[in-house]
Amino acid sequence: MHRIETLDEFIIKRQKSHSTATGELTGLLRDIGLAAKIVNREVNKAGLINILGKYQEENASGEQVAKLDIYANERLIDFLKTSGECAGLASEELENYVKFPPRNEKQGKYVVVVDPLDGSSNIDVNVSVGTIFGIYRRLTPDDQEVEERDFLQPGLDLVAAGYVIYGTSTILVYSTGHGVNGFTLDPSIGEFCLSHRDIKIPNEGPYYSVNQGYYLKFDLEMRRYIDYCSDLNLRLRYIGTMVADIHRILFQGGVFLYPNTRKYPKGKLRLLYECNPLAYIVEQAGGKALNVKLDRILEMIPEELHQRSSVIMGSPAMIDEMAEFVQRYAPNIPAESQ
Ligand code: AHM
Ligand code: MG
């Protein structure tokens, strides 16, 4: 019988194959895996223990926060604060980043960016939600406290990123820059087990994923491209949890779009907590991720923690095709950009 490989075993094996690895990133990834199990437990029993519903609070971007978001945020902080490898965390749920005190007089080398519970509007109706994370090597010296600039690094500098989808099963997908692997939580043993090795996104696929309700609020080039997807009889799928929509596209191919709208002239999704980690995964799997100006998401230099961006990501051939629409219909986009 084929022996299962747990997330911990996989991470440690990967560490051993890198002679320079010190084990700190390994420890951090394992802590994130552990926090994900705790969040998963609460997501699964959310309806039973009355932590559904609104918390009477708004998050740093002015949106109402569900209780489970706060719970997930707190658990991640608990685990990372005591890990010893992480010097600070910036979260979609917090206005400012948090600094973690040194452990055994040692400051962590890494900082973490996180969307603790993506798709929170879906919690109350039992639809998939997720956790998104990214890990950077800090820029400030290791013996000092972290500063904002440690978090304002382009996605290209991520040393690892991933997501957890709490769906019909719970799956953790991550990359450290050497391909993408997925692990399914086996509830009978409480372990994430390797289930999807070396994930590759199909070159093209049958799906497009966009909030078509905003169609009239999109710029001309996006409307033209969406019309084209519809003419091709592509299947429209939109869950409203970015993690879940990207998960489908990663495995089955297609394109995910959240362009700018009148309400969100710069796009709605957050560069640090949503766009960059998921763009990193998509690129590692062979896909592409751009903004509506055709800049590569991972090359964008963040200027503030809660910066938003338009985003289009997915199967490479489909992103190339989308770019042709932008070049044809958008004013001021030079043909050579992309
Ligand atoms: P959240 O992190 O506050 O839950 O919001 C982000 C979510 C994404 O998961 C999803 O792609 C998007 O917001 C849906 O927005 P809309 O309802 O405008 O389509
Ligand atoms: Mg989110």
# chains A, B, ... in the order shown; residues from 1 in each chain; ligands from 1
>>> residues_near_ligand(ligand="ligand 1", cutoff="8 Å", atoms="only C-alpha atoms and all ligand atoms", output="list in words")
Glu63, Val65, Glu92, Asp115, Leu117, Asp118, Gly119, Ser120, Ser121, Asn122, Val129, Val210, Asn211, Ile239, Gly240, Thr241, Met242, Val243, Ala244, Asp245, Tyr258, Lys268, Leu269 and Glu274 of chain A
>>> residues_around(residues="Glu85 (chain A)", least_positions_apart="4", cutoff="6 Å", atoms="only C-alpha atoms", output="compact mmCIF listing (two decimals) with N, CA, C and O atoms, in the first residue's frame")
# COMPACT_ATOMS: atom_id res chain seq x y z
N GLU A 24 14.22 27.31 10.11
CA GLU A 24 13.29 28.33 10.62
C GLU A 24 12.04 28.44 9.76
O GLU A 24 10.93 28.51 10.28
N GLY A 108 12.74 36.69 15.25
CA GLY A 108 12.52 35.89 14.04
C GLY A 108 13.09 36.55 12.81
O GLY A 108 13.28 37.77 12.76
N LYS A 109 13.39 35.73 11.81
CA LYS A 109 13.94 36.22 10.54
C LYS A 109 12.86 36.63 9.57
O LYS A 109 13.12 37.24 8.55
>>> closest_residue(among="A:His306, A:Gly190, A:Tyr208, A:Ser83", to="ligand 2", atoms="only C-alpha atoms and all ligand atoms")
A:His306
>>> select_by_dssp(residues="region 53-201 of chain A", states="helix (DSSP H, G or I)", output="PyMOL selection string")
chain A and resi 67-81+120-125+148-150+155-157
>>> write_last_selection(atoms="N, CA and C atoms", output="mmCIF file, in the first residue's frame")
data_model
loop_
_atom_site.group_PDB
_atom_site.id
_atom_site.type_symbol
_atom_site.label_atom_id
_atom_site.label_comp_id
_atom_site.auth_asym_id
_atom_site.auth_seq_id
_atom_site.Cartn_x
_atom_site.Cartn_y
_atom_site.Cartn_z
ATOM 1 N N LYS A 67 -17.462 37.251 13.250
ATOM 2 C CA LYS A 67 -16.724 36.806 14.425
ATOM 3 C C LYS A 67 -15.630 35.805 14.094
ATOM 4 N N LEU A 68 -15.925 34.946 13.174
ATOM 5 C CA LEU A 68 -14.956 33.907 12.841
ATOM 6 C C LEU A 68 -13.672 34.499 12.248
ATOM 7 N N ASP A 69 -13.786 35.638 11.584
ATOM 8 C CA ASP A 69 -12.592 36.324 11.066
ATOM 9 C C ASP A 69 -11.656 36.677 12.214
ATOM 10 N N ILE A 70 -12.275 37.176 13.277
ATOM 11 C CA ILE A 70 -11.480 37.606 14.430
ATOM 12 C C ILE A 70 -10.852 36.399 15.101
ATOM 13 N N TYR A 71 -11.634 35.349 15.210
ATOM 14 C CA TYR A 71 -11.119 34.118 15.807
ATOM 15 C C TYR A 71 -9.901 33.626 15.015
ATOM 16 N N ALA A 72 -10.046 33.545 13.687
ATOM 17 C CA ALA A 72 -8.954 33.043 12.841
ATOM 18 C C ALA A 72 -7.724 33.950 12.973
ATOM 19 N N ASN A 73 -7.965 35.251 13.008
ATOM 20 C CA ASN A 73 -6.868 36.206 13.144
ATOM 21 C C ASN A 73 -6.121 35.986 14.470
ATOM 22 N N GLU A 74 -6.894 35.805 15.528
ATOM 23 C CA GLU A 74 -6.274 35.623 16.849
ATOM 24 C C GLU A 74 -5.478 34.328 16.937
ATOM 25 N N ARG A 75 -6.026 33.265 16.330
ATOM 26 C CA ARG A 75 -5.304 31.976 16.407
ATOM 27 C C ARG A 75 -3.975 32.072 15.650
ATOM 28 N N LEU A 76 -4.001 32.715 14.494
ATOM 29 C CA LEU A 76 -2.755 32.840 13.727
ATOM 30 C C LEU A 76 -1.724 33.642 14.514
ATOM 31 N N ILE A 77 -2.189 34.709 15.150
ATOM 32 C CA ILE A 77 -1.261 35.511 15.954
ATOM 33 C C ILE A 77 -0.688 34.659 17.093
ATOM 34 N N ASP A 78 -1.562 33.920 17.791
ATOM 35 C CA ASP A 78 -1.097 33.069 18.905
ATOM 36 C C ASP A 78 0.018 32.131 18.462
ATOM 37 N N PHE A 79 -0.224 31.449 17.337
ATOM 38 C CA PHE A 79 0.739 30.440 16.901
ATOM 39 C C PHE A 79 2.039 31.076 16.422
ATOM 40 N N LEU A 80 1.918 32.186 15.697
ATOM 41 C CA LEU A 80 3.129 32.766 15.113
ATOM 42 C C LEU A 80 3.939 33.538 16.154
ATOM 43 N N LYS A 81 3.236 34.097 17.122
ATOM 44 C CA LYS A 81 3.935 34.872 18.174
ATOM 45 C C LYS A 81 4.893 33.974 18.959
ATOM 46 N N SER A 120 -15.475 36.041 3.820
ATOM 47 C CA SER A 120 -16.261 36.004 5.065
ATOM 48 C C SER A 120 -17.767 36.168 4.834
ATOM 49 N N SER A 121 -18.153 36.766 3.686
ATOM 50 C CA SER A 121 -19.598 36.906 3.449
ATOM 51 C C SER A 121 -20.243 35.535 3.224
ATOM 52 N N ASN A 122 -19.430 34.517 2.989
ATOM 53 C CA ASN A 122 -19.958 33.173 2.746
ATOM 54 C C ASN A 122 -20.104 32.323 4.012
ATOM 55 N N ILE A 123 -19.590 32.831 5.133
ATOM 56 C CA ILE A 123 -19.595 32.010 6.350
ATOM 57 C C ILE A 123 -21.021 31.660 6.765
ATOM 58 N N ASP A 124 -21.871 32.673 6.772
ATOM 59 C CA ASP A 124 -23.219 32.478 7.311
ATOM 60 C C ASP A 124 -24.052 31.504 6.487
ATOM 61 N N VAL A 125 -23.628 31.204 5.252
ATOM 62 C CA VAL A 125 -24.434 30.328 4.403
ATOM 63 C C VAL A 125 -23.697 29.033 4.070
ATOM 64 N N GLU A 148 7.507 48.822 9.083
ATOM 65 C CA GLU A 148 6.518 48.657 8.028
ATOM 66 C C GLU A 148 7.154 48.163 6.719
ATOM 67 N N ARG A 149 8.378 48.638 6.441
ATOM 68 C CA ARG A 149 9.008 48.268 5.164
ATOM 69 C C ARG A 149 9.241 46.762 5.051
ATOM 70 N N ASP A 150 9.304 46.060 6.179
ATOM 71 C CA ASP A 150 9.454 44.602 6.109
ATOM 72 C C ASP A 150 8.258 43.951 5.424
ATOM 73 N N GLY A 155 5.687 40.972 -4.274
ATOM 74 C CA GLY A 155 5.416 39.539 -4.212
ATOM 75 C C GLY A 155 6.566 38.679 -4.714
ATOM 76 N N LEU A 156 7.389 39.258 -5.594
ATOM 77 C CA LEU A 156 8.538 38.510 -6.106
ATOM 78 C C LEU A 156 9.487 38.091 -4.998
ATOM 79 N N ASP A 157 9.476 38.830 -3.882
ATOM 80 C CA ASP A 157 10.389 38.529 -2.779
ATOM 81 C C ASP A 157 9.802 37.560 -1.756
#
>>> residues_around(residues="Gly162 (chain A)", least_positions_apart="6", cutoff="8 Å", atoms="only C-alpha atoms", output="list in words")
Ile132, Phe133, Gly134, Leu172, Val173, Tyr174, Ser175, Pro277, Leu278 and Ile281 of chain A
>>> write_last_selection(atoms="N, CA, C and O atoms", output="PDB file, in the first residue's frame")
ATOM      1  N   ILE A 132      -5.353  32.820   3.566  1.00  0.00           N
ATOM      2  CA  ILE A 132      -4.264  33.068   2.606  1.00  0.00           C
ATOM      3  C   ILE A 132      -3.053  33.578   3.384  1.00  0.00           C
ATOM      4  O   ILE A 132      -3.216  34.420   4.285  1.00  0.00           O
ATOM      5  N   PHE A 133      -1.852  33.106   3.046  1.00  0.00           N
ATOM      6  CA  PHE A 133      -0.666  33.603   3.768  1.00  0.00           C
ATOM      7  C   PHE A 133       0.528  33.787   2.828  1.00  0.00           C
ATOM      8  O   PHE A 133       0.624  33.127   1.785  1.00  0.00           O
ATOM      9  N   GLY A 134       1.395  34.700   3.223  1.00  0.00           N
ATOM     10  CA  GLY A 134       2.659  34.909   2.512  1.00  0.00           C
ATOM     11  C   GLY A 134       3.758  35.119   3.537  1.00  0.00           C
ATOM     12  O   GLY A 134       3.511  35.663   4.627  1.00  0.00           O
ATOM     13  N   LEU A 172      -4.672  22.318   2.126  1.00  0.00           N
ATOM     14  CA  LEU A 172      -3.640  23.355   2.242  1.00  0.00           C
ATOM     15  C   LEU A 172      -2.738  23.237   1.019  1.00  0.00           C
ATOM     16  O   LEU A 172      -2.251  22.146   0.705  1.00  0.00           O
ATOM     17  N   VAL A 173      -2.556  24.353   0.332  1.00  0.00           N
ATOM     18  CA  VAL A 173      -1.712  24.392  -0.868  1.00  0.00           C
ATOM     19  C   VAL A 173      -0.607  25.407  -0.598  1.00  0.00           C
ATOM     20  O   VAL A 173      -0.888  26.513  -0.139  1.00  0.00           O
ATOM     21  N   TYR A 174       0.650  25.029  -0.824  1.00  0.00           N
ATOM     22  CA  TYR A 174       1.704  26.019  -0.589  1.00  0.00           C
ATOM     23  C   TYR A 174       2.873  25.803  -1.540  1.00  0.00           C
ATOM     24  O   TYR A 174       3.001  24.754  -2.192  1.00  0.00           O
ATOM     25  N   SER A 175       3.703  26.835  -1.603  1.00  0.00           N
ATOM     26  CA  SER A 175       4.915  26.761  -2.414  1.00  0.00           C
ATOM     27  C   SER A 175       6.032  27.508  -1.703  1.00  0.00           C
ATOM     28  O   SER A 175       5.790  28.530  -1.048  1.00  0.00           O
ATOM     29  N   PRO A 277       0.029  36.559  -2.540  1.00  0.00           N
ATOM     30  CA  PRO A 277       0.231  35.132  -2.260  1.00  0.00           C
ATOM     31  C   PRO A 277      -0.411  34.234  -3.311  1.00  0.00           C
ATOM     32  O   PRO A 277       0.173  33.224  -3.728  1.00  0.00           O
ATOM     33  N   LEU A 278      -1.606  34.615  -3.791  1.00  0.00           N
ATOM     34  CA  LEU A 278      -2.267  33.752  -4.774  1.00  0.00           C
ATOM     35  C   LEU A 278      -1.609  33.873  -6.147  1.00  0.00           C
ATOM     36  O   LEU A 278      -1.516  32.887  -6.890  1.00  0.00           O
ATOM     37  N   ILE A 281       1.361  31.532  -6.047  1.00  0.00           N
ATOM     38  CA  ILE A 281       0.961  30.126  -6.237  1.00  0.00           C
ATOM     39  C   ILE A 281       0.647  29.876  -7.717  1.00  0.00           C
ATOM     40  O   ILE A 281       1.116  28.900  -8.311  1.00  0.00           O
TER      41      ILE A 281
END
>>> residues_around(residues="Gly205 (chain A)", least_positions_apart="2", cutoff="8 Å", atoms="only C-alpha atoms", output="tab-separated table (two decimals) with N, CA and C atoms, in the first residue's frame")
chain	number	residue	atom	x	y	z
A	202	PRO	N	-3.62	24.10	-15.95
A	202	PRO	CA	-3.76	23.85	-17.40
A	202	PRO	C	-3.48	25.13	-18.20
A	203	ASN	N	-2.95	24.95	-19.42
A	203	ASN	CA	-2.61	26.11	-20.25
A	203	ASN	C	-3.84	26.96	-20.56
A	207	TYR	N	-13.30	27.65	-17.64
A	207	TYR	CA	-14.00	28.53	-16.70
A	207	TYR	C	-13.55	29.99	-16.78
A	249	ILE	N	-9.64	27.14	-10.54
A	249	ILE	CA	-8.90	27.47	-11.76
A	249	ILE	C	-7.51	26.83	-11.76
A	252	GLN	N	-8.43	23.15	-12.71
A	252	GLN	CA	-9.18	22.83	-13.93
A	252	GLN	C	-8.94	23.83	-15.06
A	253	GLY	N	-8.26	24.92	-14.77
A	253	GLY	CA	-7.93	25.89	-15.80
A	253	GLY	C	-9.03	26.92	-16.00
A	254	GLY	N	-8.62	28.13	-16.34
A	254	GLY	CA	-9.57	29.21	-16.56
A	254	GLY	C	-8.95	30.53	-16.15
A	255	VAL	N	-9.81	31.53	-16.01
A	255	VAL	CA	-9.32	32.86	-15.67
A	255	VAL	C	-10.19	33.46	-14.58
A	315	SER	N	-4.89	30.58	-16.20
A	315	SER	CA	-4.20	29.80	-17.23
A	315	SER	C	-3.41	30.73	-18.16
>>> atom_distance(atom1="CA of Tyr166 (chain A)", atom2="CA of Pro187 (chain A)")
12.4 Å
>>> residues_around(residues="Ser169 (chain A)", least_positions_apart="5", cutoff="10 Å", atoms="only C-alpha atoms", output="number ranges by chain")
A: 40, 128, 184-187
>>> closest_residue(among="A:Ile201, A:Ile301, A:Ile226, A:Ala330", to="Glu283 (chain A)", atoms="only C-alpha atoms")
A:Ile201
